[in-house]
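Trainee: The file below is upload.csv, CSV, C-alpha atoms and all ligand atoms:
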```csv
chain,number,residue,atom,x,y,z
E,1,MET,CA,105.4,76.3,49.8
E,2,ALA,CA,103.3,73.4,51.3
E,3,ASN,CA,106.4,71.7,52.8
E,4,ILE,CA,107.9,74.7,54.5
E,5,ASN,CA,107.8,74.4,58.2
E,6,TYR,CA,107.2,77.7,60.0
E,7,GLU,CA,107.1,76.1,63.5
E,8,ASN,CA,110.5,77.2,64.6
E,9,LEU,CA,110.5,80.6,62.9
E,10,VAL,CA,109.7,82.5,66.0
E,11,SER,CA,112.2,82.0,68.8
E,12,ALA,CA,111.2,79.8,71.7
E,13,LYS,CA,112.0,82.7,74.0
E,14,MET,CA,109.6,85.0,72.2
E,15,GLN,CA,106.9,82.3,72.3
E,16,GLU,CA,107.5,81.9,76.0
E,17,LEU,CA,107.4,85.6,76.6
E,18,SER,CA,104.1,86.0,74.7
E,19,GLN,CA,102.4,84.1,77.6
E,20,ILE,CA,103.4,86.8,80.2
E,21,GLY,CA,100.7,89.4,80.6
E,22,SER,CA,98.4,87.3,78.6
E,23,GLU,CA,95.4,88.4,80.8
E,24,ILE,CA,95.9,92.0,79.4
E,25,ARG,CA,96.0,90.7,75.9
E,26,ASN,CA,93.0,88.5,76.4
E,27,THR,CA,91.1,91.4,77.8
E,28,PHE,CA,92.1,93.5,74.8
E,29,MET,CA,90.9,90.7,72.4
E,30,LEU,CA,87.7,90.3,74.4
E,31,GLY,CA,87.1,94.1,73.9
E,32,GLN,CA,87.7,93.8,70.2
E,33,ASP,CA,85.1,91.0,69.9
E,34,LEU,CA,82.6,92.8,72.1
E,35,LYS,CA,82.9,96.2,70.3
E,36,GLU,CA,80.9,94.7,67.4
E,37,THR,CA,77.9,93.7,69.5
E,38,CYS,CA,78.3,96.2,72.3
E,39,PRO,CA,79.1,99.6,70.9
E,40,ASP,CA,78.7,101.3,74.3
E,41,LEU,CA,81.4,99.1,75.9
E,42,ILE,CA,83.3,101.2,78.5
E,43,ASP,CA,86.9,100.2,78.1
E,44,LEU,CA,88.8,100.6,81.4
E,45,SER,CA,91.5,98.1,80.4
E,46,LEU,CA,94.4,100.1,79.1
E,47,GLY,CA,96.5,102.6,81.1
E,48,ASN,CA,96.5,105.0,78.2
E,49,PRO,CA,96.1,108.5,79.7
E,50,ASP,CA,93.2,110.3,78.1
E,51,LEU,CA,93.8,113.9,79.3
E,52,GLU,CA,95.2,115.9,76.5
E,53,PRO,CA,98.7,117.5,77.0
E,54,PRO,CA,98.6,121.1,78.4
E,55,PRO,CA,98.4,123.7,75.5
E,56,ILE,CA,101.9,124.8,76.3
E,57,VAL,CA,103.2,121.5,74.8
E,58,LYS,CA,101.8,122.1,71.4
E,59,THR,CA,102.9,125.8,71.5
E,60,TYR,CA,106.5,124.8,72.1
E,61,LEU,CA,106.4,121.9,69.7
E,62,LYS,CA,105.4,124.3,66.9
E,63,GLU,CA,108.0,126.7,67.9
E,64,LEU,CA,110.7,124.1,67.9
E,65,LEU,CA,109.7,122.9,64.5
E,66,ASP,CA,110.1,126.5,63.2
E,67,VAL,CA,113.6,126.9,64.5
E,68,GLN,CA,116.0,126.8,61.5
E,69,ASP,CA,119.0,125.4,63.4
E,70,ILE,CA,121.2,123.3,61.1
E,71,GLY,CA,121.5,119.8,62.6
E,72,ALA,CA,118.5,120.1,64.9
E,73,HIS,CA,117.3,116.7,63.8
E,74,ARG,CA,120.5,114.7,63.7
E,75,TYR,CA,121.9,111.9,65.9
E,76,MET,CA,123.6,112.9,69.1
E,77,ASP,CA,125.2,111.5,72.3
E,78,GLY,CA,123.2,108.3,73.2
E,79,ALA,CA,122.6,109.8,76.7
E,80,GLY,CA,120.8,112.8,75.2
E,81,LEU,CA,121.4,116.5,74.6
E,82,GLU,CA,123.8,118.0,77.1
E,83,ASP,CA,121.8,121.2,77.7
E,84,VAL,CA,118.6,119.1,78.4
E,85,ARG,CA,120.4,116.8,80.7
E,86,LYS,CA,121.9,119.8,82.5
E,87,PHE,CA,118.4,121.3,82.8
E,88,ILE,CA,117.0,118.0,84.3
E,89,SER,CA,119.9,117.6,86.6
E,90,ASN,CA,119.3,121.1,88.0
E,91,GLU,CA,115.6,120.4,88.5
E,92,LEU,CA,116.2,117.0,90.1
E,93,SER,CA,119.0,118.2,92.4
E,94,ARG,CA,116.4,120.5,93.9
E,95,THR,CA,113.4,118.1,94.0
E,96,GLU,CA,115.3,115.0,95.0
E,97,ASN,CA,117.6,116.8,97.5
E,98,VAL,CA,120.8,115.1,96.3
E,99,PRO,CA,123.5,116.5,94.0
E,100,ILE,CA,123.0,115.5,90.4
E,101,THR,CA,124.9,116.7,87.3
E,102,SER,CA,124.3,116.1,83.6
E,103,LYS,CA,126.6,113.1,83.9
E,104,GLU,CA,124.0,111.3,86.0
E,105,VAL,CA,121.0,111.9,83.7
E,106,PHE,CA,120.2,109.7,80.8
E,107,LEU,CA,117.3,110.5,78.3
E,108,THR,CA,115.3,107.5,77.1
E,109,VAL,CA,112.5,106.2,75.0
E,110,GLY,CA,109.9,106.5,77.9
E,111,ALA,CA,110.2,104.9,81.3
E,112,ALA,CA,110.1,101.5,79.5
E,113,GLY,CA,113.3,102.4,77.7
E,114,ALA,CA,115.0,103.5,80.9
E,115,LEU,CA,114.0,100.2,82.6
E,116,GLN,CA,115.5,98.3,79.6
E,117,ILE,CA,118.8,100.2,79.7
E,118,CYS,CA,119.3,99.8,83.5
E,119,MET,CA,118.3,96.1,83.5
E,120,ARG,CA,120.7,95.4,80.6
E,121,ALA,CA,123.5,97.2,82.4
E,122,PHE,CA,123.2,95.1,85.5
E,123,LEU,CA,121.8,91.7,84.7
E,124,GLN,CA,123.1,88.5,83.2
E,125,HIS,CA,121.9,84.9,82.9
E,126,ASP,CA,120.6,83.3,86.2
E,127,ASP,CA,120.7,86.6,88.2
E,128,GLU,CA,117.8,87.3,90.4
E,129,VAL,CA,115.6,90.4,90.3
E,130,ILE,CA,113.3,91.1,93.2
E,131,ILE,CA,109.9,92.6,92.3
E,132,PHE,CA,106.8,93.1,94.4
E,133,LYS,CA,103.1,92.3,94.0
E,134,PRO,CA,101.2,93.9,92.5
E,135,TYR,CA,103.7,94.4,89.7
E,136,PHE,CA,103.9,96.0,86.3
E,137,PRO,CA,103.9,92.8,84.1
E,138,GLU,CA,106.7,94.1,81.9
E,139,TYR,CA,109.2,93.5,84.8
E,140,LEU,CA,108.6,89.8,84.3
E,141,SER,CA,109.1,90.0,80.5
E,142,TYR,CA,112.2,92.1,80.7
E,143,THR,CA,113.8,89.9,83.3
E,144,HIS,CA,113.1,86.7,81.5
E,145,HIS,CA,114.2,88.1,78.2
E,146,LEU,CA,117.7,88.8,79.8
E,147,GLY,CA,117.8,85.2,81.1
E,148,ALA,CA,117.4,86.3,84.7
E,149,ASN,CA,114.9,85.1,87.2
E,150,PRO,CA,112.2,87.3,88.9
E,151,ILE,CA,111.7,86.7,92.6
E,152,VAL,CA,108.2,87.9,93.4
E,153,ILE,CA,107.5,89.2,96.9
E,154,ASN,CA,103.9,89.1,98.2
E,155,SER,CA,102.1,92.1,99.6
E,156,ASP,CA,99.4,92.6,102.3
E,157,ASP,CA,95.8,93.7,101.8
E,158,ASN,CA,97.0,97.3,101.5
E,159,HIS,CA,99.4,96.2,98.8
E,160,GLU,CA,102.5,96.9,100.9
E,161,PRO,CA,105.2,94.3,100.2
E,162,LEU,CA,105.9,91.9,103.1
E,163,LEU,CA,109.2,93.0,104.6
E,164,ASP,CA,109.9,89.6,106.3
E,165,GLU,CA,109.6,87.8,103.0
E,166,PHE,CA,111.7,90.5,101.3
E,167,GLU,CA,114.5,90.0,103.8
E,168,ASN,CA,114.4,86.2,103.4
E,169,ARG,CA,114.5,86.3,99.6
E,170,ILE,CA,117.6,88.5,99.2
E,171,THR,CA,120.4,86.2,98.4
E,172,LYS,CA,123.9,86.3,96.8
E,173,LYS,CA,122.1,86.0,93.4
E,174,THR,CA,120.1,89.2,93.9
E,175,LYS,CA,121.4,91.6,91.4
E,176,LEU,CA,118.6,94.1,91.2
E,177,ILE,CA,115.5,95.3,93.0
E,178,ILE,CA,112.6,97.1,91.2
E,179,ILE,CA,110.1,99.1,93.2
E,180,ASN,CA,107.1,101.0,91.7
E,181,SER,CA,105.6,103.7,93.9
E,182,PRO,CA,103.2,105.3,93.1
E,183,ASN,CA,102.1,101.9,91.9
E,184,ASN,CA,100.4,100.6,88.8
E,185,PRO,CA,97.9,99.0,89.4
E,186,SER,CA,97.1,99.8,93.0
E,187,GLY,CA,97.8,103.6,93.3
E,188,VAL,CA,99.7,102.8,96.5
E,189,TYR,CA,102.5,105.2,97.5
E,190,TYR,CA,105.0,103.9,100.0
E,191,SER,CA,105.6,106.1,103.0
E,192,SER,CA,109.1,107.3,104.0
E,193,GLU,CA,108.7,105.3,107.3
E,194,TYR,CA,107.9,102.1,105.4
E,195,LEU,CA,110.8,102.7,103.0
E,196,GLU,CA,113.2,103.4,105.8
E,197,LYS,CA,112.5,99.8,107.1
E,198,PHE,CA,112.8,98.5,103.6
E,199,PHE,CA,116.2,100.1,102.9
E,200,LYS,CA,117.5,99.1,106.4
E,201,ILE,CA,116.9,95.5,105.5
E,202,LEU,CA,118.6,96.0,102.1
E,203,LEU,CA,121.7,97.7,103.6
E,204,ASN,CA,122.1,94.9,106.1
E,205,LYS,CA,121.9,92.3,103.4
E,206,SER,CA,124.3,94.2,101.2
E,207,LYS,CA,126.8,94.2,104.1
E,208,GLU,CA,126.2,90.5,104.7
E,209,PHE,CA,127.0,89.7,101.1
E,210,ALA,CA,129.5,92.4,100.7
E,211,ALA,CA,127.7,93.4,97.5
E,212,VAL,CA,126.0,96.5,96.0
E,213,ILE,CA,122.4,95.7,95.3
E,214,PRO,CA,121.0,98.5,93.1
E,215,VAL,CA,117.4,99.6,93.3
E,216,ILE,CA,115.4,100.9,90.3
E,217,SER,CA,112.6,103.1,91.4
E,218,ASP,CA,110.1,103.1,88.5
E,219,GLU,CA,108.2,106.3,89.0
E,220,PRO,CA,106.2,107.3,85.9
E,221,TYR,CA,103.3,108.3,88.2
E,222,ALA,CA,105.4,110.5,90.5
E,223,ARG,CA,103.9,113.7,89.3
E,224,LEU,CA,100.3,112.5,89.5
E,225,LEU,CA,100.3,112.5,93.3
E,226,PHE,CA,97.2,113.5,95.3
E,227,VAL,CA,99.2,113.6,98.6
E,228,GLU,CA,102.3,115.1,100.0
E,229,ARG,CA,105.5,113.9,98.4
E,230,GLN,CA,107.7,111.6,100.5
E,231,LYS,CA,111.5,111.6,100.7
E,232,SER,CA,113.2,110.9,97.4
E,233,ILE,CA,114.4,107.3,96.9
E,234,LEU,CA,117.7,108.8,95.8
E,235,GLU,CA,118.0,110.5,99.2
E,236,MET,CA,117.1,107.3,101.1
E,237,TYR,CA,119.3,104.8,99.3
E,238,PRO,CA,122.5,105.7,97.5
E,239,HIS,CA,122.6,102.9,95.0
E,240,SER,CA,119.3,103.8,93.4
E,241,PHE,CA,118.0,105.1,90.1
E,242,ILE,CA,114.8,106.9,89.5
E,243,VAL,CA,113.0,106.3,86.3
E,244,ARG,CA,110.5,108.8,85.1
E,245,SER,CA,108.7,109.8,81.9
E,246,LEU,CA,106.4,112.4,80.4
E,247,SER,CA,103.9,109.7,79.4
E,248,LYS,CA,101.4,110.0,82.2
E,249,ASP,CA,101.7,113.5,83.8
E,250,LEU,CA,101.8,115.3,80.4
E,251,GLY,CA,99.7,112.9,78.4
E,252,LEU,CA,102.6,112.2,76.0
E,253,ALA,CA,102.7,108.4,76.2
E,254,GLY,CA,102.8,108.0,72.4
E,255,GLU,CA,105.7,110.4,72.1
E,256,ARG,CA,108.1,108.1,74.0
E,257,ILE,CA,110.3,110.4,76.1
E,258,GLY,CA,111.6,109.7,79.6
E,259,TYR,CA,114.8,109.6,81.6
E,260,PHE,CA,116.6,108.0,84.5
E,261,ALA,CA,118.9,109.6,87.0
E,262,TRP,CA,121.1,108.8,90.0
E,263,SER,CA,122.9,110.7,92.7
E,264,GLN,CA,126.3,112.2,91.8
E,265,ASN,CA,128.3,110.5,94.6
E,266,ALA,CA,126.5,107.2,94.6
E,267,PHE,CA,129.0,105.1,92.5
E,268,PRO,CA,132.8,105.4,92.0
E,269,ASN,CA,133.9,107.2,88.9
E,270,SER,CA,136.0,104.2,87.9
E,271,LEU,CA,132.8,102.3,87.1
E,272,ASN,CA,132.1,104.8,84.4
E,273,LEU,CA,128.4,104.1,84.6
E,274,MET,CA,127.4,106.6,81.9
E,275,SER,CA,129.5,104.7,79.4
E,276,VAL,CA,128.0,101.4,80.6
E,277,PHE,CA,124.5,102.8,80.0
E,278,ARG,CA,125.4,104.2,76.6
E,279,ASN,CA,126.4,100.7,75.6
E,280,ALA,CA,123.3,99.2,77.1
E,281,ALA,CA,121.2,101.6,75.1
E,282,ARG,CA,123.2,100.9,72.0
E,283,VAL,CA,122.8,97.1,72.1
E,284,ALA,CA,119.1,97.5,72.7
E,285,GLY,CA,119.0,99.5,69.4
E,286,PHE,CA,117.7,102.7,71.0
E,287,VAL,CA,120.5,104.9,69.5
E,288,CYS,CA,119.0,107.9,71.4
E,289,ALA,CA,115.7,109.2,72.7
E,290,PRO,CA,113.6,111.2,70.2
E,291,ARG,CA,115.4,114.5,69.7
E,292,LEU,CA,112.4,116.7,69.2
E,293,GLN,CA,110.9,115.5,72.5
E,294,GLN,CA,114.2,116.0,74.3
E,295,ARG,CA,114.3,119.7,73.1
E,296,LEU,CA,110.7,120.1,74.4
E,297,ILE,CA,111.6,119.1,77.9
E,298,PRO,CA,113.0,122.4,79.3
E,299,HIS,CA,110.0,124.3,78.1
E,300,ILE,CA,107.3,122.0,79.6
E,301,PHE,CA,109.0,120.1,82.4
E,302,ASN,CA,106.9,121.6,85.2
E,303,ALA,CA,103.6,121.6,83.4
E,304,LYS,CA,101.2,118.7,83.9
E,305,VAL,CA,97.6,117.7,83.1
E,306,ASP,CA,94.9,118.7,85.6
E,307,ILE,CA,95.3,115.8,88.1
E,308,ASN,CA,92.1,116.9,90.0
E,309,LEU,CA,90.2,115.4,87.1
E,310,TYR,CA,91.8,112.0,87.7
E,311,GLN,CA,91.3,112.4,91.5
E,312,GLU,CA,87.6,113.2,91.0
E,313,ARG,CA,87.1,110.1,88.8
E,314,ILE,CA,88.7,107.9,91.4
E,315,SER,CA,86.7,109.4,94.2
E,316,GLN,CA,83.4,109.0,92.3
E,317,PHE,CA,84.2,105.5,91.4
E,318,LEU,CA,85.1,104.5,94.9
E,319,LYS,CA,82.0,106.2,96.4
E,320,ILE,CA,79.8,103.9,94.3
E,321,LEU,CA,81.9,100.8,95.2
E,322,GLU,CA,81.8,101.7,98.9
E,323,LEU,CA,77.9,101.8,98.9
E,324,SER,CA,78.1,98.1,98.0
E,325,GLU,CA,80.9,97.4,100.4
E,326,VAL,CA,83.4,96.5,97.6
E,327,PHE,CA,86.8,96.9,99.2
E,328,CYS,CA,89.4,99.1,97.5
E,329,VAL,CA,92.5,100.7,98.8
E,330,LYS,CA,92.2,104.4,98.1
E,331,PRO,CA,94.8,105.4,95.5
E,332,LYS,CA,97.2,108.2,96.4
E,333,ALA,CA,98.2,108.8,92.8
E,334,GLY,CA,97.6,108.1,89.2
E,335,PHE,CA,94.4,107.0,87.4
E,336,PHE,CA,94.0,103.3,88.4
E,337,VAL,CA,91.7,101.7,91.0
E,338,PHE,CA,92.3,98.1,92.1
E,339,PRO,CA,89.2,96.8,93.9
E,340,LYS,CA,89.0,93.4,95.6
E,341,ILE,CA,86.7,90.7,94.2
E,342,ASP,CA,85.7,88.5,97.1
E,343,ASN,CA,82.3,87.5,95.7
E,344,GLY,CA,83.1,83.9,95.0
E,345,PHE,CA,84.2,84.4,91.4
E,346,SER,CA,87.8,84.5,90.3
E,347,ASP,CA,89.2,87.8,88.9
E,348,GLN,CA,89.2,86.3,85.4
E,349,GLU,CA,85.6,85.1,85.7
E,350,PHE,CA,84.5,88.4,87.1
E,351,CYS,CA,86.2,90.3,84.3
E,352,ARG,CA,84.5,88.2,81.6
E,353,PHE,CA,81.1,88.6,83.3
E,354,LEU,CA,81.7,92.3,83.6
E,355,ALA,CA,82.6,92.6,80.0
E,356,GLN,CA,79.3,91.0,79.0
E,357,LYS,CA,77.6,93.8,81.0
E,358,GLY,CA,79.6,96.4,79.1
E,359,VAL,CA,82.7,97.3,81.2
E,360,LEU,CA,86.2,96.1,80.4
E,361,CYS,CA,88.7,95.7,83.2
E,362,VAL,CA,91.9,93.6,83.7
E,363,PRO,CA,92.1,90.7,86.1
E,364,GLY,CA,94.5,91.2,89.0
E,365,SER,CA,96.3,88.0,88.1
E,366,ALA,CA,98.0,90.0,85.3
E,367,PHE,CA,99.8,91.9,88.1
E,368,GLY,CA,100.4,88.9,90.3
E,369,LYS,CA,97.4,89.6,92.6
E,370,PRO,CA,94.5,87.3,91.8
E,371,GLY,CA,91.3,88.3,93.5
E,372,TYR,CA,91.6,91.9,92.4
E,373,VAL,CA,90.6,93.8,89.3
E,374,ARG,CA,92.3,96.8,87.7
E,375,ALA,CA,90.2,99.6,86.2
E,376,SER,CA,92.0,102.4,84.3
E,377,LEU,CA,89.9,105.5,84.8
E,378,THR,CA,90.9,107.1,81.6
E,379,GLN,CA,87.4,108.0,80.4
E,380,SER,CA,84.9,110.8,80.9
E,381,LEU,CA,83.5,111.2,84.4
E,382,SER,CA,80.0,110.3,83.2
E,383,ASN,CA,81.4,107.0,81.7
E,384,ILE,CA,83.3,106.3,85.0
E,385,ILE,CA,80.1,106.7,87.0
E,386,LYS,CA,78.2,104.5,84.6
E,387,ALA,CA,81.0,101.9,84.7
E,388,ALA,CA,81.1,101.9,88.6
E,389,GLU,CA,77.3,101.3,88.7
E,390,ILE,CA,77.6,98.4,86.2
E,391,PHE,CA,80.6,97.1,88.3
E,392,VAL,CA,78.6,96.9,91.5
E,393,GLN,CA,75.5,95.5,89.8
E,394,ALA,CA,77.7,92.7,88.3
E,395,TYR,CA,79.4,92.2,91.6
E,396,ASN,CA,76.2,91.9,93.6
E,397,GLU,CA,74.6,89.7,90.9
E,398,ILE,CA,77.4,87.2,91.1
E,399,LYS,CA,77.4,87.2,94.9
E,400,LYS,CA,73.7,86.1,94.8
E,401,LEU,CA,74.6,83.3,92.3
E,402,LYS,CA,77.2,81.9,94.7
E,501,LIG,C1,104.8,101.1,86.3
E,501,LIG,C2,105.1,101.4,84.9
E,501,LIG,N1,106.4,101.5,84.5
E,501,LIG,C3,106.7,101.9,83.2
E,501,LIG,C4,105.7,102.2,82.3
E,501,LIG,C5,106.2,102.5,80.9
E,501,LIG,O1,106.0,103.9,80.8
E,501,LIG,P1,106.4,104.7,79.5
E,501,LIG,O2,105.2,104.9,78.6
E,501,LIG,O3,106.9,106.0,80.0
E,501,LIG,O4,107.5,103.9,78.8
E,501,LIG,C6,104.4,102.1,82.6
E,501,LIG,C7,103.3,102.3,81.6
E,501,LIG,O5,102.2,102.0,81.8
E,501,LIG,C8,104.0,101.7,84.0
E,501,LIG,O6,102.8,101.7,84.4
```
Can you present the structure in this file as structure tokens?
Ligand SMILES: Cc1ncc(COP(=O)(O)O)c(C=O)c1O
Mentor:
Amino acid sequence: MANINYENLVSAKMQELSQIGSEIRNTFMLGQDLKETCPDLIDLSLGNPDLEPPPIVKTYLKELLDVQDIGAHRYMDGAGLEDVRKFISNELSRTENVPITSKEVFLTVGAAGALQICMRAFLQHDDEVIIFKPYFPEYLSYTHHLGANPIVINSDDNHEPLLDEFENRITKKTKLIIINSPNNPSGVYYSSEYLEKFFKILLNKSKEFAAVIPVISDEPYARLLFVERQKSILEMYPHSFIVRSLSKDLGLAGERIGYFAWSQNAFPNSLNLMSVFRNAARVAGFVCAPRLQQRLIPHIFNAKVDINLYQERISQFLKILELSEVFCVKPKAGFFVFPKIDNGFSDQEFCRFLAQKGVLCVPGSAFGKPGYVRASLTQSLSNIIKAAEIFVQAYNEIKKLK
């Protein structure tokens, strides 16, 4: 055994990909180390929703398990059960204000599964994918894994992507654009006015290159909104796909169920997109989304956790930060806050310092925005308040040191 060389066992690609999002992993490892010495550590690092699913979820799960239908647990069409897709298409036709049939709904292993399927369907080696800061780090991993190149657009202090830069970076190589609103990590929700400008640029560029440039709108936080809903992306831009899941609004992140959908008249029938997506899902090894969760959807689709609890945590956290003049854009959805760290320390240094004081957060660098820190407010309100107080103490302490 001594002479066996394991160096090349793991593919070079996988070794390279393990570096992406390393700040999140480092934070996790730091947390593991600190838990021994600091049992009261408040871990705000992971975006794992802590609110339990509404009781109706368990009620229907039990009911579904009791149904004695033969074949209720077998394989099925890779796109999902027809009646469930029909149900979702009816719901979405109403909420998104565009016609959608079951032929434009695909059930997936969470929003992540939907992203994978869409990206595999459209991307090949050397293509370019436009993403925006602050971004969900998996966009980078998924893009690199397919041999494509991410083009990252900067955003302003309010985390709105810079439209001039966006316009300049669309080229013949642009094959896909991914937007994420409501956003992880900032909680920013793009207004319809902003998106109108965004899509105008995109349509002009599509004309210039005589190409269709699809947009994936990654929306797992769409139903955790604290403000009025803006126009659906499907209504604003025909060549778009909305990606959703039940992970965040129903607290079912571990059950892995989601879907994506597009508008009925958006693409010519000759493309047979459904069949393309079935193949993309097949080669990714998904086979189909978990069947029991699919069957649950029609019963629980319009239920959600009490989002007032997330909103209250955010508001209490920000109140404490404001007293110390720590700048943070007020989130319009979700359970993350993304304060600015302009006290002389880097985001990584600040997160390490904060961890020693008992609070774990993720440096903004993980999301392409150094100088910020993400806190996932997925803890009790009393812990959130305690964490905010520790946060500002650490912030002010460091400011004095500098
Ligand atoms: C922006 C964004 N997209 C996609 C996902 C993946 O969600 P799911 O658990 O539904 O796969 C997450 C999860 O954190 C996310 O924050």
Trainee: Hey, what's within 9 Å of Ala375 in chain E if we count only C-alpha atoms and toss same-chain stuff fewer than 3 positions away? As a list of chain:residue names, please?
Mentor: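 So, after excluding close chain neighbours, the residues are E:Asp43, E:Leu44, E:Ser45, E:Leu46, E:Gly47, E:Pro185, E:Phe335, E:Phe336, E:Val337, E:Phe338, E:Pro339, E:Leu360, E:Cys361, E:Val362, E:Thr378.
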Trainee: Using only C-alpha atoms and all ligand atoms, find each protein or nucleic acid residue lying at most 10 Å from ligand LIG 501 (chain E); present the set as a ChimeraX atom specification.
Mentor: /E:46-49,108-116,135-139,179-185,217-221,243-249,251-259,334,336
Trainee: How about saving the chosen residues, C-alpha atoms kept, as a CSV table (one decimal), in the frame of the given file?
Mentor:
```csv
chain,number,residue,atom,x,y,z
E,46,LEU,CA,94.4,100.1,79.1
E,47,GLY,CA,96.5,102.6,81.1
E,48,ASN,CA,96.5,105.0,78.2
E,49,PRO,CA,96.1,108.5,79.7
E,108,THR,CA,115.3,107.5,77.1
E,109,VAL,CA,112.5,106.2,75.0
E,110,GLY,CA,109.9,106.5,77.9
E,111,ALA,CA,110.2,104.9,81.3
E,112,ALA,CA,110.1,101.5,79.5
E,113,GLY,CA,113.3,102.4,77.7
E,114,ALA,CA,115.0,103.5,80.9
E,115,LEU,CA,114.0,100.2,82.6
E,116,GLN,CA,115.5,98.3,79.6
E,135,TYR,CA,103.7,94.4,89.7
E,136,PHE,CA,103.9,96.0,86.3
E,137,PRO,CA,103.9,92.8,84.1
E,138,GLU,CA,106.7,94.1,81.9
E,139,TYR,CA,109.2,93.5,84.8
E,179,ILE,CA,110.1,99.1,93.2
E,180,ASN,CA,107.1,101.0,91.7
E,181,SER,CA,105.6,103.7,93.9
E,182,PRO,CA,103.2,105.3,93.1
E,183,ASN,CA,102.1,101.9,91.9
E,184,ASN,CA,100.4,100.6,88.8
E,185,PRO,CA,97.9,99.0,89.4
E,217,SER,CA,112.6,103.1,91.4
E,218,ASP,CA,110.1,103.1,88.5
E,219,GLU,CA,108.2,106.3,89.0
E,220,PRO,CA,106.2,107.3,85.9
E,221,TYR,CA,103.3,108.3,88.2
E,243,VAL,CA,113.0,106.3,86.3
E,244,ARG,CA,110.5,108.8,85.1
E,245,SER,CA,108.7,109.8,81.9
E,246,LEU,CA,106.4,112.4,80.4
E,247,SER,CA,103.9,109.7,79.4
E,248,LYS,CA,101.4,110.0,82.2
E,249,ASP,CA,101.7,113.5,83.8
E,251,GLY,CA,99.7,112.9,78.4
E,252,LEU,CA,102.6,112.2,76.0
E,253,ALA,CA,102.7,108.4,76.2
E,254,GLY,CA,102.8,108.0,72.4
E,255,GLU,CA,105.7,110.4,72.1
E,256,ARG,CA,108.1,108.1,74.0
E,257,ILE,CA,110.3,110.4,76.1
E,258,GLY,CA,111.6,109.7,79.6
E,259,TYR,CA,114.8,109.6,81.6
E,334,GLY,CA,97.6,108.1,89.2
E,336,PHE,CA,94.0,103.3,88.4
```
Trainee: In Å, with one decimal, what is the gap from CA of Asp342 in chain E to CA of Lys369 in chain E?
Mentor: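 So the two atoms, CA of Asp342 in chain E and CA of Lys369 in chain E, lie 12.6 Å apart.
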Trainee: Find the residues near Asn396 in chain E: any atom within 8 Å, counting all atoms listed in the file, skip ones fewer than 3 places away on the same chain, and give them as a ChimeraX atom specification.
Mentor: /E:324,343,392-393,399-400
Trainee: Fewer than 5 positions away in the same chain doesn't count, so skip those; otherwise give me all residues within 9 Å of Leu51 in chain E, counting only C-alpha atoms, as a ChimeraX atom specification.
Mentor: /E:250-251,305-306,309-310,378-379
Trainee: Keeping only C-alpha atoms, take the residues you just selected and write them out as a PDB file, keeping the file's coordinate frame.
Mentor:
```pdb
ATOM      1  CA  LEU E 250     101.800 115.300  80.400  1.00  0.00           C
ATOM      2  CA  GLY E 251      99.700 112.900  78.400  1.00  0.00           C
ATOM      3  CA  VAL E 305      97.600 117.700  83.100  1.00  0.00           C
ATOM      4  CA  ASP E 306      94.900 118.700  85.600  1.00  0.00           C
ATOM      5  CA  LEU E 309      90.200 115.400  87.100  1.00  0.00           C
ATOM      6  CA  TYR E 310      91.800 112.000  87.700  1.00  0.00           C
ATOM      7  CA  THR E 378      90.900 107.100  81.600  1.00  0.00           C
ATOM      8  CA  GLN E 379      87.400 108.000  80.400  1.00  0.00           C
TER       9      GLN E 379
END
```
Trainee: Between E:Ser141, E:Val57, E:Gln264, E:Asn26, which residue has the minimum interatomic distance to Pro99 in chain E, considering all atoms listed in the file?
Mentor: E:Gln264
